[in-house]
>>> print(open('structure_7.txt').read())   # compact mmCIF, C-alpha atoms and all ligand atoms
# COMPACT_ATOMS: atom_id res chain seq x y z
CA MET A 1 -7.41 -18.71 9.49
CA GLU A 2 -8.72 -19.19 5.97
CA VAL A 3 -6.26 -18.38 3.20
CA LEU A 4 -7.67 -15.79 0.81
CA PHE A 5 -4.56 -15.43 -1.39
CA SER A 6 -1.70 -17.91 -1.27
CA GLN A 7 1.95 -16.93 -1.46
CA GLU A 8 1.99 -18.22 -5.03
CA ALA A 9 -1.09 -16.22 -6.04
CA ILE A 10 0.40 -13.07 -4.50
CA ALA A 11 3.74 -13.62 -6.25
CA ALA A 12 2.01 -14.04 -9.62
CA ARG A 13 -0.03 -10.88 -9.13
CA VAL A 14 3.00 -8.85 -7.96
CA LYS A 15 4.93 -10.01 -11.01
CA ALA A 16 2.07 -8.89 -13.29
CA LEU A 17 1.93 -5.49 -11.56
CA GLY A 18 5.70 -5.13 -11.90
CA ASP A 19 5.49 -5.92 -15.61
CA GLN A 20 2.68 -3.42 -16.07
CA ILE A 21 4.48 -0.64 -14.17
CA SER A 22 7.71 -1.35 -16.09
CA ALA A 23 5.87 -1.00 -19.40
CA ASP A 24 3.94 2.11 -18.31
CA TYR A 25 7.07 4.00 -17.21
CA ALA A 26 9.62 2.60 -19.69
CA ALA A 27 9.77 5.86 -21.66
CA GLU A 28 10.01 7.97 -18.49
CA SER A 29 12.78 6.29 -16.57
CA ASP A 30 16.48 5.47 -16.77
CA SER A 31 19.24 5.24 -14.18
CA GLN A 32 19.44 9.06 -14.10
CA HIS A 33 15.67 9.33 -13.70
CA PRO A 34 14.44 6.39 -11.64
CA ILE A 35 10.79 6.18 -10.67
CA VAL A 36 10.20 6.59 -6.92
CA LEU A 37 8.16 4.12 -4.90
CA ILE A 38 6.91 5.53 -1.60
CA GLY A 39 5.75 2.87 0.85
CA VAL A 40 3.40 3.60 3.73
CA LEU A 41 4.79 2.07 6.90
CA LYS A 42 4.36 -0.41 8.27
CA GLY A 43 1.79 -2.35 6.29
CA ALA A 44 3.23 -1.70 2.82
CA ALA A 45 6.81 -2.71 3.65
CA ILE A 46 6.50 -6.31 2.46
CA PHE A 47 4.49 -5.55 -0.69
CA LEU A 48 6.92 -2.74 -1.56
CA ALA A 49 9.92 -5.05 -1.12
CA ASP A 50 8.40 -7.53 -3.58
CA LEU A 51 7.03 -4.92 -6.00
CA ALA A 52 10.34 -3.02 -6.23
CA ARG A 53 12.07 -6.26 -7.22
CA SER A 54 9.41 -7.16 -9.78
CA ILE A 55 9.81 -3.79 -11.56
CA GLN A 56 12.43 -4.10 -14.27
CA ILE A 57 13.11 -0.39 -14.76
CA SER A 58 15.23 1.84 -12.56
CA ASN A 59 13.51 2.66 -9.27
CA THR A 60 14.30 3.98 -5.83
CA PHE A 61 12.19 3.73 -2.70
CA ASP A 62 11.37 5.79 0.32
CA PHE A 63 8.90 5.44 3.17
CA VAL A 64 6.38 7.59 4.98
CA ALA A 65 4.67 6.71 8.24
CA VAL A 66 1.22 7.81 9.33
CA SER A 67 -0.93 6.92 12.25
CA SER A 68 -4.65 6.35 12.08
CA TYR A 69 -5.76 2.86 13.06
CA GLY A 70 -3.65 2.22 16.13
CA ARG A 71 -4.81 -0.96 17.80
CA ALA A 72 -8.40 -0.51 16.73
CA ARG A 73 -9.80 -2.32 13.70
CA VAL A 74 -11.83 0.70 12.68
CA SER A 75 -10.20 3.92 11.51
CA SER A 76 -10.36 6.86 13.85
CA GLY A 77 -10.54 8.96 10.69
CA ALA A 78 -7.68 11.19 11.81
CA VAL A 79 -4.47 10.71 9.84
CA LYS A 80 -1.22 12.17 11.13
CA LEU A 81 2.22 12.19 9.46
CA ILE A 82 4.86 10.60 11.68
CA LYS A 83 7.68 10.26 9.14
CA ASP A 84 8.09 12.25 5.91
CA ILE A 85 10.05 11.24 2.79
CA ASP A 86 13.85 11.44 3.07
CA ASN A 87 14.57 12.62 -0.48
CA PRO A 88 12.92 15.28 -2.66
CA ILE A 89 10.42 14.06 -5.27
CA GLU A 90 9.95 17.28 -7.24
CA GLY A 91 9.86 16.50 -10.97
CA LYS A 92 9.93 12.73 -10.33
CA HIS A 93 7.49 10.01 -11.29
CA VAL A 94 6.14 8.75 -8.00
CA ILE A 95 4.03 5.74 -7.02
CA LEU A 96 2.52 5.59 -3.54
CA VAL A 97 2.55 1.96 -2.42
CA GLU A 98 0.01 0.57 0.06
CA ASP A 99 -0.88 -2.84 1.41
CA ILE A 100 -4.59 -2.01 1.49
CA LEU A 101 -6.90 0.76 0.33
CA ASP A 102 -9.85 0.69 2.72
CA THR A 103 -11.75 3.89 3.70
CA GLY A 104 -9.27 5.84 1.56
CA LEU A 105 -8.49 8.29 4.38
CA THR A 106 -4.79 7.39 4.55
CA LEU A 107 -4.13 7.59 0.82
CA SER A 108 -6.19 10.70 0.17
CA TYR A 109 -4.28 12.47 2.95
CA LEU A 110 -0.93 11.25 1.59
CA ARG A 111 -1.80 12.01 -2.03
CA GLY A 112 -2.55 15.63 -1.08
CA LEU A 113 0.67 15.86 0.88
CA MET A 114 2.82 14.35 -1.90
CA LEU A 115 1.28 16.59 -4.56
CA GLN A 116 2.56 19.60 -2.59
CA HIS A 117 6.09 18.35 -3.46
CA LYS A 118 5.29 18.77 -7.19
CA PRO A 119 6.16 15.32 -8.57
CA ALA A 120 6.08 14.92 -12.37
CA SER A 121 3.31 12.37 -11.81
CA LEU A 122 1.71 10.55 -8.90
CA LYS A 123 0.03 7.17 -9.03
CA ILE A 124 -1.14 4.67 -6.44
CA ALA A 125 -0.38 0.95 -6.21
CA THR A 126 -2.14 -1.17 -3.62
CA CYS A 127 -1.94 -4.87 -2.94
CA LEU A 128 -5.58 -5.01 -1.82
CA ASP A 129 -8.59 -2.81 -2.45
CA LYS A 130 -11.77 -2.86 -0.35
CA PRO A 131 -13.99 -0.58 -2.47
CA GLU A 132 -17.13 -1.13 -0.33
CA ARG A 133 -15.50 0.59 2.62
CA ARG A 134 -14.59 3.86 0.92
CA LEU A 135 -15.40 7.04 2.88
CA VAL A 136 -13.59 9.40 0.50
CA PRO A 137 -13.40 9.08 -3.30
CA ILE A 138 -10.02 7.64 -4.28
CA GLU A 139 -8.99 4.85 -6.64
CA ALA A 140 -5.68 3.07 -7.11
CA ASP A 141 -3.99 2.89 -10.52
CA TYR A 142 -2.54 -0.56 -9.79
CA VAL A 143 -4.52 -3.08 -7.70
CA GLY A 144 -3.36 -6.55 -6.71
CA PHE A 145 -6.73 -7.91 -5.61
CA SER A 146 -10.13 -6.41 -4.90
CA ILE A 147 -11.82 -7.89 -1.81
CA PRO A 148 -15.18 -7.58 -0.04
CA ASN A 149 -15.56 -5.98 3.38
CA GLN A 150 -13.63 -8.54 5.41
CA PHE A 151 -10.72 -7.98 7.77
CA VAL A 152 -7.51 -9.58 6.50
CA ILE A 153 -4.05 -10.17 7.91
CA GLY A 154 -0.67 -11.30 6.61
CA TYR A 155 1.70 -10.07 3.87
CA GLY A 156 2.39 -6.95 5.94
CA MET A 157 -1.11 -6.52 7.32
CA ASP A 158 -1.72 -6.80 11.03
CA TYR A 159 -4.28 -7.23 13.71
CA ALA A 160 -2.94 -5.31 16.74
CA GLU A 161 0.57 -5.44 15.17
CA ILE A 162 0.63 -9.24 14.93
CA TYR A 163 0.55 -11.50 11.81
CA ARG A 164 2.42 -9.13 9.47
CA ASN A 165 4.97 -11.87 8.80
CA ILE A 166 2.44 -14.44 7.56
CA PRO A 167 3.43 -14.98 3.91
CA ASP A 168 -0.10 -15.37 2.54
CA ILE A 169 -3.19 -13.21 3.01
CA ARG A 170 -5.77 -14.65 5.40
CA LEU A 171 -9.23 -13.76 6.68
CA TYR A 172 -9.20 -12.66 10.29
CA PRO A 173 -12.21 -14.32 11.95
CA GLU A 174 -14.82 -11.97 13.39
CA GLU A 175 -15.14 -14.10 16.54
CA ALA A 176 -11.43 -13.58 17.31
CA VAL A 177 -11.74 -9.80 17.52
CA GLY A 178 -10.62 -8.58 20.91
CA HIS A 179 -8.36 -11.59 21.54
O1 LIG A 201 -7.88 3.33 3.62
P1 LIG A 201 -7.72 3.42 5.11
O2 LIG A 201 -9.01 3.23 5.83
O3 LIG A 201 -7.01 4.66 5.54
O4 LIG A 201 -6.89 2.17 5.59
C1 LIG A 201 -5.72 1.69 5.01
C2 LIG A 201 -4.52 1.93 5.88
O5 LIG A 201 -4.69 1.33 7.17
C3 LIG A 201 -3.64 0.41 7.42
O6 LIG A 201 -2.57 1.03 8.06
P2 LIG A 201 -2.52 1.36 9.61
O7 LIG A 201 -2.81 2.82 9.80
O8 LIG A 201 -3.38 0.40 10.37
O9 LIG A 201 -1.01 1.15 10.00
P3 LIG A 201 0.03 0.00 9.57
O10 LIG A 201 0.31 0.18 8.10
O11 LIG A 201 1.23 0.28 10.40
O12 LIG A 201 -0.61 -1.32 9.85
C4 LIG A 201 -3.18 0.00 6.05
O13 LIG A 201 -1.83 -0.44 6.09
C5 LIG A 201 -3.31 1.26 5.25
O14 LIG A 201 -2.18 2.09 5.42
O1 LIG A 202 -8.43 -5.60 6.52
C1 LIG A 202 -7.47 -4.98 7.05
N1 LIG A 202 -6.46 -5.65 7.68
C2 LIG A 202 -5.41 -5.02 8.25
N2 LIG A 202 -5.28 -3.72 8.28
C3 LIG A 202 -6.24 -2.99 7.68
N3 LIG A 202 -6.34 -1.66 7.54
C4 LIG A 202 -7.45 -1.41 6.87
N4 LIG A 202 -8.10 -2.55 6.55
C5 LIG A 202 -7.35 -3.57 7.06
MG MG A 203 -0.66 1.18 6.63
>>> encode(input="structure_7.txt", output="structure tokens")
Amino acid sequence: MEVLFSQEAIAARVKALGDQISADYAAESDSQHPIVLIGVLKGAAIFLADLARSIQISNTFDFVAVSSYGRARVSSGAVKLIKDIDNPIEGKHVILVEDILDTGLTLSYLRGLMLQHKPASLKIATCLDKPERRLVPIEADYVGFSIPNQFVIGYGMDYAEIYRNIPDIRLYPEEAVGH
């Protein structure tokens, strides 16, 4: 499978995002007021692990889980919350962390849900953005890479739950779909 972004390219981009986030929130955070990263399981787990360590200011992390894609490559459009946050986020500076922003259905659902908790602020960080595929209007505040409408795997992203552990981001060949 063709490598789209190497491990090294991803690491450099994650470092840049961490630097940017650290600068943006420097005035807002200290050990008493850490920023909160909320990862969307399972895809975002690996990006979140790297991003949290590239952020030089105090941060905590939590996870939510939703279901929408299942084993299909195309979103069913219905997003359902399977696991909520463990700790309250009211009054906190929150960043939702995703591996990929595609149709936008997952993040627009989660953004609405998180806003109900009244965070001090809510932003979105995504490793990949596929703007061509958007079905609902939503943009990320921090984007690793913008990509065309191609299915990708690796760095947390799966095809039928496989390939999440591949350290770089690769194109999943169209002809392999269904195998
Ligand atoms: O913008 P969207 O069209 O909603 O697509 C993006 C979402 O789809 C994928 O997750 P998926 O639901 O497949 O679960 P996973 O994270 O466990 O792989 C991906 O990790 C994002 O969470
Ligand atoms: O390109 C993708 N790869 C893996 N999971 C995804 N979920 C939305 N788009 C993708
Ligand atoms: Mg996901």
>>> residues_near_ligand(input="structure_7.txt", ligand="ligand LIG 201 (chain A)", cutoff="7 Å", atoms="only C-alpha atoms and all ligand atoms", output="list in words")
Val40, Leu41, Lys42, Gly43, Ala44, Val66, Ser67, Ser68, Tyr69, Gly70, Ser75, Glu98, Asp99, Ile100, Leu101, Asp102, Thr103, Gly104, Leu105, Thr106, Leu107, Met157, Asp158 and Glu161 of chain A
>>> write_last_selection(input="structure_7.txt", atoms="C-alpha atoms", output="PDB file, keeping the file's coordinate frame")
ATOM      1  CA  VAL A  40       3.400   3.600   3.730  1.00  0.00           C
ATOM      2  CA  LEU A  41       4.790   2.070   6.900  1.00  0.00           C
ATOM      3  CA  LYS A  42       4.360  -0.410   8.270  1.00  0.00           C
ATOM      4  CA  GLY A  43       1.790  -2.350   6.290  1.00  0.00           C
ATOM      5  CA  ALA A  44       3.230  -1.700   2.820  1.00  0.00           C
ATOM      6  CA  VAL A  66       1.220   7.810   9.330  1.00  0.00           C
ATOM      7  CA  SER A  67      -0.930   6.920  12.250  1.00  0.00           C
ATOM      8  CA  SER A  68      -4.650   6.350  12.080  1.00  0.00           C
ATOM      9  CA  TYR A  69      -5.760   2.860  13.060  1.00  0.00           C
ATOM     10  CA  GLY A  70      -3.650   2.220  16.130  1.00  0.00           C
ATOM     11  CA  SER A  75     -10.200   3.920  11.510  1.00  0.00           C
ATOM     12  CA  GLU A  98       0.010   0.570   0.060  1.00  0.00           C
ATOM     13  CA  ASP A  99      -0.880  -2.840   1.410  1.00  0.00           C
ATOM     14  CA  ILE A 100      -4.590  -2.010   1.490  1.00  0.00           C
ATOM     15  CA  LEU A 101      -6.900   0.760   0.330  1.00  0.00           C
ATOM     16  CA  ASP A 102      -9.850   0.690   2.720  1.00  0.00           C
ATOM     17  CA  THR A 103     -11.750   3.890   3.700  1.00  0.00           C
ATOM     18  CA  GLY A 104      -9.270   5.840   1.560  1.00  0.00           C
ATOM     19  CA  LEU A 105      -8.490   8.290   4.380  1.00  0.00           C
ATOM     20  CA  THR A 106      -4.790   7.390   4.550  1.00  0.00           C
ATOM     21  CA  LEU A 107      -4.130   7.590   0.820  1.00  0.00           C
ATOM     22  CA  MET A 157      -1.110  -6.520   7.320  1.00  0.00           C
ATOM     23  CA  ASP A 158      -1.720  -6.800  11.030  1.00  0.00           C
ATOM     24  CA  GLU A 161       0.570  -5.440  15.170  1.00  0.00           C
TER      25      GLU A 161
END
>>> axis_aligned_box(input="structure_7.txt", around="region 7-26 of chain A", padding_each_side="4 Å", output="lines of an AutoDock Vina configuration file")
center_x = 4.3
center_y = -7.1
center_z = -10.6
size_x = 18.7
size_y = 30.2
size_z = 26.2
>>> closest_residue(input="structure_7.txt", among="A:Pro88, A:Pro131, A:Pro34, A:Gly144", to="ligand LIG 202 (chain A)", atoms="only C-alpha atoms and all ligand atoms")
A:Pro131
>>> closest_residue(input="structure_7.txt", among="A:Lys118, A:Lys80, A:Lys15, A:Arg170", to="ligand MG 203 (chain A)", atoms="only C-alpha atoms and all ligand atoms")
A:Lys80
>>> atom_distance(input="structure_7.txt", atom1="CA of Lys92 (chain A)", atom2="CA of Val79 (chain A)")
24.9 Å
>>> closest_residue(input="structure_7.txt", among="A:Ser29, A:Gln7, A:Asn149, A:Asn87", to="Asn59 (chain A)", atoms="all atoms listed in the file")
A:Ser29
>>> closest_residue(input="structure_7.txt", among="A:Ile153, A:Gln56, A:Ile95, A:Ser121", to="Ala23 (chain A)", atoms="all atoms listed in the file")
A:Gln56
>>> build_atoms(input="structure_7.txt", residues="region 132-165 of chain A", atoms="N, CA and C atoms", output="short mmCIF file (atom, residue, chain, number, x, y, z; two decimals), in the frame of the given file")
data_model
loop_
_atom_site.label_atom_id
_atom_site.label_comp_id
_atom_site.auth_asym_id
_atom_site.auth_seq_id
_atom_site.Cartn_x
_atom_site.Cartn_y
_atom_site.Cartn_z
N GLU A 132 -15.89 -1.33 -1.10
CA GLU A 132 -17.13 -1.13 -0.33
C GLU A 132 -16.96 -0.22 0.87
N ARG A 133 -15.74 -0.13 1.37
CA ARG A 133 -15.50 0.59 2.62
C ARG A 133 -15.15 2.07 2.43
N ARG A 134 -15.09 2.51 1.19
CA ARG A 134 -14.59 3.86 0.92
C ARG A 134 -15.42 4.96 1.59
N LEU A 135 -14.76 5.86 2.29
CA LEU A 135 -15.40 7.04 2.88
C LEU A 135 -15.08 8.29 2.08
N VAL A 136 -13.97 8.28 1.35
CA VAL A 136 -13.59 9.40 0.50
C VAL A 136 -13.29 8.84 -0.90
N PRO A 137 -13.58 9.62 -1.95
CA PRO A 137 -13.40 9.08 -3.30
C PRO A 137 -11.92 9.03 -3.68
N ILE A 138 -11.40 7.83 -3.83
CA ILE A 138 -10.02 7.64 -4.28
C ILE A 138 -9.90 6.24 -4.87
N GLU A 139 -9.19 6.15 -5.99
CA GLU A 139 -8.99 4.85 -6.64
C GLU A 139 -7.50 4.64 -6.85
N ALA A 140 -7.09 3.38 -6.83
CA ALA A 140 -5.68 3.07 -7.11
C ALA A 140 -5.51 2.83 -8.61
N ASP A 141 -4.31 3.12 -9.11
CA ASP A 141 -3.99 2.89 -10.52
C ASP A 141 -3.58 1.43 -10.74
N TYR A 142 -2.98 0.83 -9.72
CA TYR A 142 -2.54 -0.56 -9.79
C TYR A 142 -3.08 -1.29 -8.57
N VAL A 143 -3.89 -2.33 -8.79
CA VAL A 143 -4.52 -3.08 -7.70
C VAL A 143 -4.14 -4.55 -7.82
N GLY A 144 -3.65 -5.12 -6.73
CA GLY A 144 -3.36 -6.55 -6.71
C GLY A 144 -4.65 -7.35 -6.76
N PHE A 145 -5.46 -7.20 -5.71
CA PHE A 145 -6.73 -7.91 -5.61
C PHE A 145 -7.78 -6.99 -5.00
N SER A 146 -9.01 -7.12 -5.50
CA SER A 146 -10.13 -6.41 -4.90
C SER A 146 -10.84 -7.41 -3.98
N ILE A 147 -11.19 -6.96 -2.77
CA ILE A 147 -11.82 -7.89 -1.81
C ILE A 147 -13.08 -7.27 -1.21
N PRO A 148 -14.01 -8.11 -0.73
CA PRO A 148 -15.18 -7.58 -0.04
C PRO A 148 -14.80 -7.03 1.34
N ASN A 149 -15.81 -6.58 2.07
CA ASN A 149 -15.56 -5.98 3.38
C ASN A 149 -15.27 -7.02 4.44
N GLN A 150 -14.05 -7.55 4.41
CA GLN A 150 -13.63 -8.54 5.41
C GLN A 150 -12.25 -8.13 5.91
N PHE A 151 -12.01 -8.36 7.20
CA PHE A 151 -10.72 -7.98 7.77
C PHE A 151 -9.70 -9.07 7.43
N VAL A 152 -8.55 -8.63 6.93
CA VAL A 152 -7.51 -9.58 6.50
C VAL A 152 -6.20 -9.29 7.22
N ILE A 153 -5.38 -10.32 7.29
CA ILE A 153 -4.05 -10.17 7.91
C ILE A 153 -3.02 -10.92 7.04
N GLY A 154 -1.76 -10.65 7.31
CA GLY A 154 -0.67 -11.30 6.61
C GLY A 154 -0.13 -10.43 5.49
N TYR A 155 1.03 -10.80 4.96
CA TYR A 155 1.70 -10.07 3.87
C TYR A 155 1.80 -8.58 4.23
N GLY A 156 2.21 -8.33 5.46
CA GLY A 156 2.39 -6.95 5.94
C GLY A 156 1.24 -6.43 6.77
N MET A 157 0.07 -7.03 6.61
CA MET A 157 -1.11 -6.52 7.32
C MET A 157 -1.28 -7.18 8.69
N ASP A 158 -1.70 -6.35 9.64
CA ASP A 158 -1.72 -6.80 11.03
C ASP A 158 -3.12 -6.76 11.63
N TYR A 159 -3.23 -7.48 12.74
CA TYR A 159 -4.28 -7.23 13.71
C TYR A 159 -3.54 -6.93 15.01
N ALA A 160 -3.66 -5.72 15.54
CA ALA A 160 -2.94 -5.31 16.74
C ALA A 160 -1.44 -5.62 16.62
N GLU A 161 -0.87 -5.32 15.45
CA GLU A 161 0.57 -5.44 15.17
C GLU A 161 1.06 -6.87 14.94
N ILE A 162 0.20 -7.85 15.12
CA ILE A 162 0.63 -9.24 14.93
C ILE A 162 0.24 -9.71 13.52
N TYR A 163 0.86 -10.79 13.07
CA TYR A 163 0.55 -11.50 11.81
C TYR A 163 1.13 -10.86 10.55
N ARG A 164 1.89 -9.76 10.68
CA ARG A 164 2.42 -9.13 9.47
C ARG A 164 3.33 -10.08 8.69
N ASN A 165 3.98 -10.98 9.41
CA ASN A 165 4.97 -11.87 8.80
C ASN A 165 4.36 -13.09 8.12
#
